[in-house]
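target_17.cif (mmCIF, C-alpha atoms and all ligand atoms)
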```
data_final
#
loop_
_atom_site.group_PDB
_atom_site.id
_atom_site.type_symbol
_atom_site.label_atom_id
_atom_site.label_comp_id
_atom_site.auth_asym_id
_atom_site.auth_seq_id
_atom_site.Cartn_x
_atom_site.Cartn_y
_atom_site.Cartn_z
ATOM 1 C CA MET A 1 -3.903 7.561 -21.367
ATOM 2 C CA THR A 2 -0.735 6.342 -19.742
ATOM 3 C CA ASN A 3 2.822 6.493 -20.895
ATOM 4 C CA SER A 4 3.092 2.762 -20.434
ATOM 5 C CA THR A 5 4.382 2.321 -23.956
ATOM 6 C CA LEU A 6 7.652 3.088 -22.244
ATOM 7 C CA LEU A 7 7.461 -0.361 -20.706
ATOM 8 C CA ILE A 8 9.566 -1.526 -23.639
ATOM 9 C CA LEU A 9 7.137 -4.370 -23.660
ATOM 10 C CA GLY A 10 8.411 -7.884 -23.653
ATOM 11 C CA ASP A 11 11.988 -6.869 -22.967
ATOM 12 C CA VAL A 12 13.359 -8.729 -19.951
ATOM 13 C CA ASN A 13 15.976 -6.074 -19.470
ATOM 14 C CA SER A 14 13.660 -3.099 -19.425
ATOM 15 C CA PRO A 15 13.922 -1.174 -16.165
ATOM 16 C CA VAL A 16 10.199 -1.524 -15.529
ATOM 17 C CA ASN A 17 10.213 -5.297 -15.897
ATOM 18 C CA PHE A 18 13.245 -5.468 -13.658
ATOM 19 C CA THR A 19 11.400 -3.635 -10.885
ATOM 20 C CA PHE A 20 8.568 -6.174 -11.159
ATOM 21 C CA PHE A 21 11.103 -8.962 -10.771
ATOM 22 C CA ILE A 22 13.042 -7.442 -7.885
ATOM 23 C CA GLY A 23 9.765 -6.376 -6.262
ATOM 24 C CA CYS A 24 8.515 -9.954 -6.377
ATOM 25 C CA MET A 25 11.733 -11.267 -4.790
ATOM 26 C CA ALA A 26 11.693 -8.619 -2.067
ATOM 27 C CA MET A 27 8.045 -9.353 -1.214
ATOM 28 C CA MET A 28 8.753 -13.104 -1.073
ATOM 29 C CA ALA A 29 11.767 -12.626 1.178
ATOM 30 C CA ALA A 30 9.802 -10.335 3.483
ATOM 31 C CA SER A 31 6.938 -12.859 3.665
ATOM 32 C CA ALA A 32 9.291 -15.679 4.616
ATOM 33 C CA PHE A 33 10.836 -13.430 7.255
ATOM 34 C CA PHE A 34 7.484 -12.512 8.819
ATOM 35 C CA PHE A 35 5.997 -16.018 8.697
ATOM 36 C CA LEU A 36 9.094 -17.713 10.118
ATOM 37 C CA SER A 37 9.285 -15.212 12.978
ATOM 38 C CA LEU A 38 5.726 -15.867 14.193
ATOM 39 C CA ASN A 39 6.543 -18.371 16.935
ATOM 40 C CA GLN A 40 8.738 -15.983 18.846
ATOM 41 C CA PHE A 41 5.878 -13.623 19.727
ATOM 42 C CA ASP A 42 3.243 -13.517 22.452
ATOM 43 C CA LYS A 43 -0.046 -14.882 21.128
ATOM 44 C CA LYS A 44 -1.793 -11.531 20.961
ATOM 45 C CA TRP A 45 0.901 -10.031 18.705
ATOM 46 C CA ARG A 46 1.045 -12.958 16.303
ATOM 47 C CA THR A 47 -1.977 -11.846 14.307
ATOM 48 C CA SER A 48 -0.377 -8.468 13.587
ATOM 49 C CA VAL A 49 2.821 -10.032 12.272
ATOM 50 C CA LEU A 50 0.826 -12.654 10.374
ATOM 51 C CA VAL A 51 -1.044 -9.841 8.619
ATOM 52 C CA SER A 52 2.296 -8.193 7.738
ATOM 53 C CA GLY A 53 3.308 -11.462 6.069
ATOM 54 C CA LEU A 54 -0.016 -11.798 4.254
ATOM 55 C CA ILE A 55 0.347 -8.295 2.835
ATOM 56 C CA THR A 56 3.789 -8.984 1.347
ATOM 57 C CA PHE A 57 2.777 -12.489 0.234
ATOM 58 C CA ILE A 58 -0.301 -11.293 -1.628
ATOM 59 C CA ALA A 59 1.875 -8.648 -3.277
ATOM 60 C CA ALA A 60 4.540 -11.227 -4.255
ATOM 61 C CA VAL A 61 1.930 -13.313 -6.087
ATOM 62 C CA HIS A 62 0.533 -10.293 -7.907
ATOM 63 C CA TYR A 63 4.015 -9.138 -8.878
ATOM 64 C CA MET A 64 4.532 -12.464 -10.607
ATOM 65 C CA TYR A 65 1.360 -11.924 -12.629
ATOM 66 C CA MET A 66 2.159 -8.274 -13.311
ATOM 67 C CA ARG A 67 5.583 -9.177 -14.587
ATOM 68 C CA ASP A 68 4.067 -11.753 -16.936
ATOM 69 C CA ALA A 69 1.606 -9.145 -18.176
ATOM 70 C CA ALA A 70 4.434 -6.654 -18.678
ATOM 71 C CA MET A 71 6.425 -9.240 -20.612
ATOM 72 C CA ALA A 72 3.394 -9.872 -22.801
ATOM 73 C CA GLY A 73 2.864 -6.154 -23.338
ATOM 74 C CA ASP A 74 -0.570 -6.333 -21.753
ATOM 75 C CA VAL A 75 -0.919 -2.966 -20.050
ATOM 76 C CA MET A 76 -4.585 -3.416 -19.110
ATOM 77 C CA ASN A 77 -3.757 -6.609 -17.256
ATOM 78 C CA ILE A 78 -0.958 -4.945 -15.302
ATOM 79 C CA THR A 79 -3.478 -2.364 -14.133
ATOM 80 C CA ALA A 80 -6.055 -5.012 -13.260
ATOM 81 C CA PHE A 81 -3.619 -7.102 -11.212
ATOM 82 C CA ARG A 82 -2.285 -3.951 -9.581
ATOM 83 C CA TYR A 83 -5.674 -2.944 -8.300
ATOM 84 C CA VAL A 84 -6.653 -6.466 -7.226
ATOM 85 C CA ASP A 85 -3.420 -6.493 -5.220
ATOM 86 C CA TRP A 86 -4.192 -3.095 -3.645
ATOM 87 C CA ILE A 87 -7.835 -3.851 -2.889
ATOM 88 C CA LEU A 88 -6.641 -6.833 -0.844
ATOM 89 C CA THR A 89 -3.541 -5.386 0.778
ATOM 90 C CA VAL A 90 -4.557 -1.802 1.604
ATOM 91 C CA PRO A 91 -7.571 -2.895 3.695
ATOM 92 C CA LEU A 92 -5.199 -5.300 5.474
ATOM 93 C CA MET A 93 -3.034 -2.302 6.335
ATOM 94 C CA CYS A 94 -6.141 -0.679 7.817
ATOM 95 C CA VAL A 95 -6.599 -3.860 9.858
ATOM 96 C CA GLU A 96 -3.037 -3.399 11.155
ATOM 97 C CA PHE A 97 -3.942 0.027 12.537
ATOM 98 C CA TYR A 98 -6.900 -1.530 14.315
ATOM 99 C CA LEU A 99 -4.882 -4.491 15.651
ATOM 100 C CA ILE A 100 -2.133 -2.409 17.227
ATOM 101 C CA LEU A 101 -4.678 0.020 18.747
ATOM 102 C CA LYS A 102 -6.805 -2.774 20.186
ATOM 103 C CA VAL A 103 -4.794 -2.582 23.413
ATOM 104 C CA ALA A 104 -6.237 0.925 23.857
ATOM 105 C CA GLY A 105 -9.751 -0.316 23.157
ATOM 106 C CA ALA A 106 -10.059 0.348 19.420
ATOM 107 C CA LYS A 107 -13.500 -0.572 18.110
ATOM 108 C CA LYS A 108 -14.206 -2.503 14.928
ATOM 109 C CA SER A 109 -15.977 0.588 13.597
ATOM 110 C CA LEU A 110 -12.602 2.341 13.308
ATOM 111 C CA MET A 111 -11.309 -0.536 11.198
ATOM 112 C CA TRP A 112 -14.385 -0.555 8.950
ATOM 113 C CA ARG A 113 -14.256 3.221 8.477
ATOM 114 C CA LEU A 114 -10.641 3.008 7.302
ATOM 115 C CA ILE A 115 -11.400 0.017 5.073
ATOM 116 C CA PHE A 116 -14.395 1.813 3.542
ATOM 117 C CA LEU A 117 -12.301 4.907 2.781
ATOM 118 C CA SER A 118 -9.495 2.838 1.276
ATOM 119 C CA VAL A 119 -11.947 1.004 -0.993
ATOM 120 C CA ILE A 120 -13.365 4.349 -2.226
ATOM 121 C CA MET A 121 -9.810 5.584 -2.809
ATOM 122 C CA LEU A 122 -8.867 2.513 -4.851
ATOM 123 C CA VAL A 123 -12.060 1.940 -6.833
ATOM 124 C CA THR A 124 -12.140 5.569 -7.996
ATOM 125 C CA GLY A 125 -8.414 5.355 -8.785
ATOM 126 C CA TYR A 126 -9.094 2.289 -10.938
ATOM 127 C CA PHE A 127 -11.880 4.101 -12.763
ATOM 128 C CA GLY A 128 -9.483 6.987 -13.400
ATOM 129 C CA GLU A 129 -6.903 4.664 -14.910
ATOM 130 C CA THR A 130 -9.280 2.697 -17.073
ATOM 131 C CA MET A 131 -12.283 4.835 -18.004
ATOM 132 C CA GLY A 132 -10.950 8.318 -18.690
ATOM 133 C CA ASN A 133 -11.836 11.389 -16.602
ATOM 134 C CA ALA A 134 -8.581 10.762 -14.767
ATOM 135 C CA VAL A 135 -8.613 14.201 -13.145
ATOM 136 C CA MET A 136 -12.093 13.831 -11.682
ATOM 137 C CA TRP A 137 -11.612 10.273 -10.409
ATOM 138 C CA GLY A 138 -8.151 11.108 -9.140
ATOM 139 C CA THR A 139 -9.571 14.028 -7.181
ATOM 140 C CA ILE A 140 -12.237 11.877 -5.509
ATOM 141 C CA SER A 141 -9.611 9.248 -4.760
ATOM 142 C CA GLY A 142 -7.357 11.938 -3.313
ATOM 143 C CA LEU A 143 -10.136 13.192 -1.046
ATOM 144 C CA ALA A 144 -10.645 9.711 0.406
ATOM 145 C CA TYR A 145 -6.894 9.527 0.916
ATOM 146 C CA PHE A 146 -6.919 12.822 2.835
ATOM 147 C CA VAL A 147 -9.708 11.602 5.104
ATOM 148 C CA ILE A 148 -7.641 8.499 5.901
ATOM 149 C CA VAL A 149 -4.637 10.698 6.705
ATOM 150 C CA TYR A 150 -6.809 12.927 8.900
ATOM 151 C CA GLU A 151 -8.351 9.987 10.735
ATOM 152 C CA ILE A 152 -5.050 8.394 11.706
ATOM 153 C CA TRP A 153 -3.160 11.639 12.426
ATOM 154 C CA PHE A 154 -5.853 13.639 14.223
ATOM 155 C CA GLY A 155 -9.033 11.564 14.479
ATOM 156 C CA GLY A 156 -10.152 8.668 16.636
ATOM 157 C CA ALA A 157 -7.121 6.521 15.811
ATOM 158 C CA ALA A 158 -4.748 9.260 17.002
ATOM 159 C CA LYS A 159 -6.626 9.581 20.287
ATOM 160 C CA LEU A 160 -6.422 5.853 20.936
ATOM 161 C CA ALA A 161 -2.712 5.823 20.141
ATOM 162 C CA LYS A 162 -2.138 8.573 22.715
ATOM 163 C CA GLU A 163 -4.110 6.636 25.293
ATOM 164 C CA ALA A 164 -2.031 3.536 24.622
ATOM 165 C CA GLY A 165 1.212 5.520 24.821
ATOM 166 C CA GLY A 166 4.700 3.997 24.843
ATOM 167 C CA ASP A 167 5.691 1.581 22.105
ATOM 168 C CA VAL A 168 2.217 1.512 20.561
ATOM 169 C CA LEU A 169 2.116 5.297 20.222
ATOM 170 C CA HIS A 170 5.598 5.236 18.716
ATOM 171 C CA ALA A 171 4.681 2.541 16.167
ATOM 172 C CA HIS A 172 1.429 4.324 15.318
ATOM 173 C CA LYS A 173 3.344 7.536 14.615
ATOM 174 C CA ILE A 174 5.715 5.792 12.218
ATOM 175 C CA LEU A 175 2.811 4.119 10.402
ATOM 176 C CA CYS A 176 1.191 7.571 10.126
ATOM 177 C CA TRP A 177 4.331 8.841 8.400
ATOM 178 C CA PHE A 178 4.233 5.899 5.998
ATOM 179 C CA VAL A 179 0.689 6.823 5.027
ATOM 180 C CA LEU A 180 1.458 10.533 4.689
ATOM 181 C CA VAL A 181 4.747 10.272 2.799
ATOM 182 C CA GLY A 182 5.011 6.710 1.447
ATOM 183 C CA TRP A 183 1.442 6.578 0.172
ATOM 184 C CA ALA A 184 1.805 9.998 -1.449
ATOM 185 C CA ILE A 185 4.118 8.386 -4.021
ATOM 186 C CA TYR A 186 1.068 6.672 -5.602
ATOM 187 C CA PRO A 187 -0.781 9.808 -6.674
ATOM 188 C CA ILE A 188 2.542 11.100 -8.045
ATOM 189 C CA GLY A 189 2.819 7.948 -10.163
ATOM 190 C CA TYR A 190 -0.800 8.333 -11.222
ATOM 191 C CA MET A 191 -0.199 11.910 -12.318
ATOM 192 C CA ALA A 192 3.016 10.927 -14.074
ATOM 193 C CA GLY A 193 1.017 8.412 -16.093
ATOM 194 C CA THR A 194 -1.883 10.691 -16.926
ATOM 195 C CA GLU A 195 -1.967 13.030 -19.881
ATOM 196 C CA GLY A 196 -3.317 16.548 -19.753
ATOM 197 C CA TRP A 197 -2.528 19.195 -17.206
ATOM 198 C CA TYR A 198 -1.351 16.480 -14.908
ATOM 199 C CA ASP A 199 1.570 15.908 -17.245
ATOM 200 C CA VAL A 200 3.694 18.447 -15.431
ATOM 201 C CA LEU A 201 6.128 15.972 -14.003
ATOM 202 C CA PRO A 202 9.419 15.427 -15.824
ATOM 203 C CA THR A 203 8.840 11.730 -15.944
ATOM 204 C CA GLU A 204 8.685 10.872 -19.615
ATOM 205 C CA SER A 205 11.212 8.148 -19.138
ATOM 206 C CA LEU A 206 9.729 6.833 -15.911
ATOM 207 C CA ASP A 207 6.699 4.625 -16.300
ATOM 208 C CA MET A 208 4.035 4.956 -13.629
ATOM 209 C CA ASN A 209 4.656 1.327 -12.718
ATOM 210 C CA VAL A 210 8.129 2.210 -11.528
ATOM 211 C CA TRP A 211 6.620 4.721 -9.088
ATOM 212 C CA TYR A 212 4.073 2.159 -7.927
ATOM 213 C CA ASN A 213 6.674 -0.589 -7.529
ATOM 214 C CA ILE A 214 9.029 1.580 -5.504
ATOM 215 C CA ALA A 215 6.149 2.787 -3.341
ATOM 216 C CA ASP A 216 4.933 -0.783 -2.745
ATOM 217 C CA ALA A 217 8.360 -1.939 -1.605
ATOM 218 C CA ILE A 218 8.648 0.948 0.842
ATOM 219 C CA ASN A 219 5.112 0.744 2.145
ATOM 220 C CA LYS A 220 4.418 -2.963 2.326
ATOM 221 C CA ILE A 221 7.776 -4.102 3.658
ATOM 222 C CA GLY A 222 8.415 -0.994 5.779
ATOM 223 C CA PHE A 223 4.941 -1.068 7.279
ATOM 224 C CA GLY A 224 5.390 -4.753 8.125
ATOM 225 C CA LEU A 225 8.744 -4.148 9.776
ATOM 226 C CA VAL A 226 7.266 -1.450 12.038
ATOM 227 C CA VAL A 227 4.624 -3.921 13.218
ATOM 228 C CA TYR A 228 7.285 -6.623 13.566
ATOM 229 C CA SER A 229 9.488 -4.468 15.779
ATOM 230 C CA LEU A 230 6.516 -3.455 17.924
ATOM 231 C CA ALA A 231 5.756 -7.154 18.441
ATOM 232 C CA VAL A 232 9.417 -7.740 19.367
ATOM 233 C CA LYS A 233 9.307 -4.968 21.978
ATOM 234 C CA LYS A 234 5.983 -6.114 23.416
ATOM 235 C CA THR A 235 7.167 -9.710 23.677
ATOM 236 C CA ALA A 236 10.462 -8.910 25.371
HETATM 237 C C1 LIG A 301 0.370 -1.746 -0.892
HETATM 238 C C2 LIG A 301 -0.319 -0.779 -1.635
HETATM 239 C C3 LIG A 301 -0.621 0.479 -1.208
HETATM 240 C C4 LIG A 301 -0.232 0.975 0.155
HETATM 241 C C5 LIG A 301 -1.316 1.309 -2.124
HETATM 242 C C6 LIG A 301 -1.734 2.552 -1.884
HETATM 243 C C7 LIG A 301 -2.362 3.300 -2.904
HETATM 244 C C8 LIG A 301 -2.716 4.608 -2.834
HETATM 245 C C9 LIG A 301 -2.531 5.420 -1.604
HETATM 246 C C10 LIG A 301 -3.306 5.196 -4.030
HETATM 247 C C11 LIG A 301 -3.785 6.445 -4.103
HETATM 248 C C12 LIG A 301 -4.335 7.137 -5.278
HETATM 249 C C13 LIG A 301 -4.667 8.476 -5.085
HETATM 250 C C14 LIG A 301 -4.579 9.132 -3.740
HETATM 251 C C15 LIG A 301 -5.139 9.348 -6.195
HETATM 252 C C16 LIG A 301 -4.878 8.767 -7.554
HETATM 253 C C17 LIG A 301 -5.268 7.335 -7.636
HETATM 254 C C18 LIG A 301 -4.504 6.459 -6.644
HETATM 255 C C19 LIG A 301 -5.361 5.197 -6.512
HETATM 256 C C20 LIG A 301 -3.153 6.100 -7.260
#
```

Could you rewrite the structure in this file as structure tokens?
Ligand SMILES: *C/C=C(C)/C=C/C=C(C)/C=C/C1=C(C)CCCC1(C)C
Amino acid sequence: MTNSTLLILGDVNSPVNFTFFIGCMAMMAASAFFFLSLNQFDKKWRTSVLVSGLITFIAAVHYMYMRDAAMAGDVMNITAFRYVDWILTVPLMCVEFYLILKVAGAKKSLMWRLIFLSVIMLVTGYFGETMGNAVMWGTISGLAYFVIVYEIWFGGAAKLAKEAGGDVLHAHKILCWFVLVGWAIYPIGYMAGTEGWYDVLPTESLDMNVWYNIADAINKIGFGLVVYSLAVKKTA
């Protein structure tokens, strides 16, 4: 159901395998950067930056496994590691929203709502990639994604961000853009890798993993840097 045969399996020089390798290095470098910076921040901002580092670190480990699976030509294992990675890191990104809005009195229920939605989005996405009915599962996944976008742009999270104002509002806005634009790359990759009427994208030569890897680099490292720079401002 995917065009993953284009992985050129087992070839170190294939573009897909190269993006696993470079993705792993980038995630490792970002993790070192976030972890080593921790001491410079006020206590209450350390957790946020620590979570940024955990997100990129968890991804780095999974990229190592995904690259091995790609080298071995094991497409099902790439998908499995991919979704284990996401099911750990995407909820942590929801935690980031909660942590930066805590100054404005964000409740845990906001965090759990976002986590719940992200789990629905990812579990149904995994079903779509592994069990057929890709259109149906992808649609359910997309709906959960839209509710997340709505919640952070216009719902309770947006209200809290406005109340907090200043640097927190600014950081929240940028994170909202990451979710709206950066996260939208994933469903594009999913469609690119799904046969049927979804196959409208001119991506025959671009494996869905390339889309996912590019999106991960943007979203995980970019997201972390936004939180990092908020912590810098709040500490100064
Ligand atoms: C670090 C990993 C991140 C931020 C992963 C995000 C993943 C998504 C936003 C995936 C979304 C999907 C849809 C909206 C529909 C099709 C299936 C998915 C799972 C690719």

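The residues caught by the PyMOL selection byres (((chain A and resi 159-164) around 8) and not hetatm) in this file are Leu101, Val103, Ala104, Gly105, Ala106, Phe154, Gly155, Gly156, Ala157, Ala158, Gly165, Gly166, Val168, Leu169 and His172 of chain A.
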
Next, dump the selected residues to file, keeping only C-alpha atoms, as a compact mmCIF listing (two decimals), in the coordinates of the input.
```txt
# COMPACT_ATOMS: atom_id res chain seq x y z
CA LEU A 101 -4.68 0.02 18.75
CA VAL A 103 -4.79 -2.58 23.41
CA ALA A 104 -6.24 0.92 23.86
CA GLY A 105 -9.75 -0.32 23.16
CA ALA A 106 -10.06 0.35 19.42
CA PHE A 154 -5.85 13.64 14.22
CA GLY A 155 -9.03 11.56 14.48
CA GLY A 156 -10.15 8.67 16.64
CA ALA A 157 -7.12 6.52 15.81
CA ALA A 158 -4.75 9.26 17.00
CA GLY A 165 1.21 5.52 24.82
CA GLY A 166 4.70 4.00 24.84
CA VAL A 168 2.22 1.51 20.56
CA LEU A 169 2.12 5.30 20.22
CA HIS A 172 1.43 4.32 15.32
```

Could you build a table of the residues in chain A lying no more than 8 Å from ligand LIG 301 (chain A), giving for each the nearest pair of atoms and their separation in Å rounded to one decimal place, using all atoms listed in the file, ordered by chain and ascending residue number, as CSV?
```
residue,atom,partner,partner_atom,distance
A:Ile55,CA,A:LIG301,C1,7.5
A:Ala59,CA,A:LIG301,C1,7.5
A:Asp85,CA,A:LIG301,C2,7.4
A:Trp86,CA,A:LIG301,C2,4.9
A:Thr89,CA,A:LIG301,C1,5.6
A:Val90,CA,A:LIG301,C4,5.3
A:Met93,CA,A:LIG301,C4,7.5
A:Ser118,CA,A:LIG301,C9,8.0
A:Met121,CA,A:LIG301,C19,5.8
A:Leu122,CA,A:LIG301,C19,4.7
A:Val123,CA,A:LIG301,C19,7.5
A:Thr124,CA,A:LIG301,C19,6.9
A:Gly125,CA,A:LIG301,C19,3.8
A:Tyr126,CA,A:LIG301,C19,6.5
A:Gly128,CA,A:LIG301,C17,7.1
A:Glu129,CA,A:LIG301,C17,7.9
A:Trp137,CA,A:LIG301,C16,7.5
A:Gly138,CA,A:LIG301,C16,4.3
A:Thr139,CA,A:LIG301,C15,6.5
A:Ile140,CA,A:LIG301,C15,7.6
A:Ser141,CA,A:LIG301,C15,4.7
A:Gly142,CA,A:LIG301,C14,4.0
A:Leu143,CA,A:LIG301,C14,7.4
A:Ala144,CA,A:LIG301,C14,7.4
A:Tyr145,CA,A:LIG301,C14,5.2
A:Phe146,CA,A:LIG301,C14,7.9
A:Val179,CA,A:LIG301,C9,7.5
A:Gly182,CA,A:LIG301,C4,7.9
A:Trp183,CA,A:LIG301,C9,4.5
A:Ala184,CA,A:LIG301,C9,6.3
A:Ile185,CA,A:LIG301,C9,7.7
A:Tyr186,CA,A:LIG301,C20,4.6
A:Pro187,CA,A:LIG301,C16,4.3
A:Ile188,CA,A:LIG301,C20,7.6
A:Gly189,CA,A:LIG301,C20,6.9
A:Tyr190,CA,A:LIG301,C20,5.1
A:Met191,CA,A:LIG301,C16,7.4
A:Tyr212,CA,A:LIG301,C5,8.0
A:Ala215,CA,A:LIG301,C3,7.5
A:Asp216,CA,A:LIG301,C1,5.0
A:Asn219,CA,A:LIG301,C4,5.7
A:Lys220,CA,A:LIG301,C1,5.3
```

Next, the residues of the selection above should be written as a compact mmCIF listing (two decimals), in the coordinates of the input with C-alpha atoms.
```txt
# COMPACT_ATOMS: atom_id res chain seq x y z
CA ILE A 55 0.35 -8.30 2.84
CA ALA A 59 1.88 -8.65 -3.28
CA ASP A 85 -3.42 -6.49 -5.22
CA TRP A 86 -4.19 -3.10 -3.64
CA THR A 89 -3.54 -5.39 0.78
CA VAL A 90 -4.56 -1.80 1.60
CA MET A 93 -3.03 -2.30 6.34
CA SER A 118 -9.49 2.84 1.28
CA MET A 121 -9.81 5.58 -2.81
CA LEU A 122 -8.87 2.51 -4.85
CA VAL A 123 -12.06 1.94 -6.83
CA THR A 124 -12.14 5.57 -8.00
CA GLY A 125 -8.41 5.36 -8.78
CA TYR A 126 -9.09 2.29 -10.94
CA GLY A 128 -9.48 6.99 -13.40
CA GLU A 129 -6.90 4.66 -14.91
CA TRP A 137 -11.61 10.27 -10.41
CA GLY A 138 -8.15 11.11 -9.14
CA THR A 139 -9.57 14.03 -7.18
CA ILE A 140 -12.24 11.88 -5.51
CA SER A 141 -9.61 9.25 -4.76
CA GLY A 142 -7.36 11.94 -3.31
CA LEU A 143 -10.14 13.19 -1.05
CA ALA A 144 -10.64 9.71 0.41
CA TYR A 145 -6.89 9.53 0.92
CA PHE A 146 -6.92 12.82 2.84
CA VAL A 179 0.69 6.82 5.03
CA GLY A 182 5.01 6.71 1.45
CA TRP A 183 1.44 6.58 0.17
CA ALA A 184 1.80 10.00 -1.45
CA ILE A 185 4.12 8.39 -4.02
CA TYR A 186 1.07 6.67 -5.60
CA PRO A 187 -0.78 9.81 -6.67
CA ILE A 188 2.54 11.10 -8.04
CA GLY A 189 2.82 7.95 -10.16
CA TYR A 190 -0.80 8.33 -11.22
CA MET A 191 -0.20 11.91 -12.32
CA TYR A 212 4.07 2.16 -7.93
CA ALA A 215 6.15 2.79 -3.34
CA ASP A 216 4.93 -0.78 -2.74
CA ASN A 219 5.11 0.74 2.14
CA LYS A 220 4.42 -2.96 2.33
```

Here CA of Phe34 (chain A) and CA of Gly53 (chain A) stand apart by 5.1 Å

Anything within 8 Å of (8.5, -11.0, 24.5): list those residues as a list in words, counting only C-alpha atoms and sticking to the file's coordinates. Gln40, Phe41, Asp42, Ala231, Val232, Lys233, Lys234, Thr235 and Ala236 of chain A

Selection from above, C-alpha atoms, as a PDB file, in the coordinates of the input, can you write it?
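In the end it all went to again.pdb:
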```
ATOM      1  CA  GLN A  40       8.738 -15.983  18.846  1.00  0.00           C
ATOM      2  CA  PHE A  41       5.878 -13.623  19.727  1.00  0.00           C
ATOM      3  CA  ASP A  42       3.243 -13.517  22.452  1.00  0.00           C
ATOM      4  CA  ALA A 231       5.756  -7.154  18.441  1.00  0.00           C
ATOM      5  CA  VAL A 232       9.417  -7.740  19.367  1.00  0.00           C
ATOM      6  CA  LYS A 233       9.307  -4.968  21.978  1.00  0.00           C
ATOM      7  CA  LYS A 234       5.983  -6.114  23.416  1.00  0.00           C
ATOM      8  CA  THR A 235       7.167  -9.710  23.677  1.00  0.00           C
ATOM      9  CA  ALA A 236      10.462  -8.910  25.371  1.00  0.00           C
TER      10      ALA A 236
END
```

Once the PyMOL selection byres (((chain A and resi 33) around 12) and not hetatm) is applied to the coordinates I shared, what remains selected? I want it as number ranges by chain. A: 26-32, 34-39, 49-50, 52-54, 56-57, 221, 224-225, 228

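Minimum distance to Asp167 (chain A) across A:Met136, A:Val181, A:Val226, A:Leu117 (counting all atoms listed in the file) occurs at A:Val226.
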
Pick the closest to Ser14 (chain A) from A:Val84, A:Ala70, A:Met64, A:Val95: which is it, counting all atoms listed in the file?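 So, comparing all the options, the nearest one is A:Ala70.
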
Residues matched by the PyMOL selection byres (((chain A and resi 109-114) around 9) and not hetatm) as a PDB file with C-alpha atoms, keeping the file's coordinate frame:
```pdb
ATOM      1  CA  PRO A  91      -7.571  -2.895   3.695  1.00  0.00           C
ATOM      2  CA  CYS A  94      -6.141  -0.679   7.817  1.00  0.00           C
ATOM      3  CA  VAL A  95      -6.599  -3.860   9.858  1.00  0.00           C
ATOM      4  CA  GLU A  96      -3.037  -3.399  11.155  1.00  0.00           C
ATOM      5  CA  PHE A  97      -3.942   0.027  12.537  1.00  0.00           C
ATOM      6  CA  TYR A  98      -6.900  -1.530  14.315  1.00  0.00           C
ATOM      7  CA  LEU A  99      -4.882  -4.491  15.651  1.00  0.00           C
ATOM      8  CA  ALA A 106     -10.059   0.348  19.420  1.00  0.00           C
ATOM      9  CA  LYS A 107     -13.500  -0.572  18.110  1.00  0.00           C
ATOM     10  CA  LYS A 108     -14.206  -2.503  14.928  1.00  0.00           C
ATOM     11  CA  ILE A 115     -11.400   0.017   5.073  1.00  0.00           C
ATOM     12  CA  PHE A 116     -14.395   1.813   3.542  1.00  0.00           C
ATOM     13  CA  LEU A 117     -12.301   4.907   2.781  1.00  0.00           C
ATOM     14  CA  SER A 118      -9.495   2.838   1.276  1.00  0.00           C
ATOM     15  CA  VAL A 119     -11.947   1.004  -0.993  1.00  0.00           C
ATOM     16  CA  VAL A 147      -9.708  11.602   5.104  1.00  0.00           C
ATOM     17  CA  ILE A 148      -7.641   8.499   5.901  1.00  0.00           C
ATOM     18  CA  GLU A 151      -8.351   9.987  10.735  1.00  0.00           C
ATOM     19  CA  ILE A 152      -5.050   8.394  11.706  1.00  0.00           C
ATOM     20  CA  GLY A 156     -10.152   8.668  16.636  1.00  0.00           C
ATOM     21  CA  ALA A 157      -7.121   6.521  15.811  1.00  0.00           C
TER      22      ALA A 157
END
```

Coordinates-based distance that separates CA of Gly23 (chain A) from CA of Thr47 (chain A) (Å, one decimal):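 A separation of 24.3 Å between them.
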
Between A:Val135, A:Ser48, A:Asn213, A:Leu92, which one has atoms that come closest to Ile22 (chain A), using all atoms listed in the file?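 Ranked by minimum distance to Ile22 (chain A), first place goes to A:Asn213.
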
Between A:Tyr150, A:Phe223, A:Val210, A:Thr194, which residue has the minimum interatomic distance to Leu175 (chain A), considering all atoms listed in the file?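 Smallest separation from Leu175 (chain A) among the options: A:Phe223.
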
May I ask which of the residues A:Glu195, A:Tyr83, A:Tyr65, A:Val16 is the closest one to Ile214 (chain A), counting all atoms listed in the file? A:Val16

Padding 3 Å on every side, please: axis-aligned box over the listed atoms of region 14-26 of chain A, centre and edge lengths to one decimal in Å, as AutoDock Vina command-line options.
```
--center_x 11.2 --center_y -6.2 --center_z -10.7 --size_x 11.4 --size_y 16.1 --size_z 23.4
```

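Here the question is which of A:Asn17, A:Ala217, A:Phe81, A:Lys173 gets nearest to Ile100 (chain A) using all atoms listed in the file, and that residue is A:Lys173.
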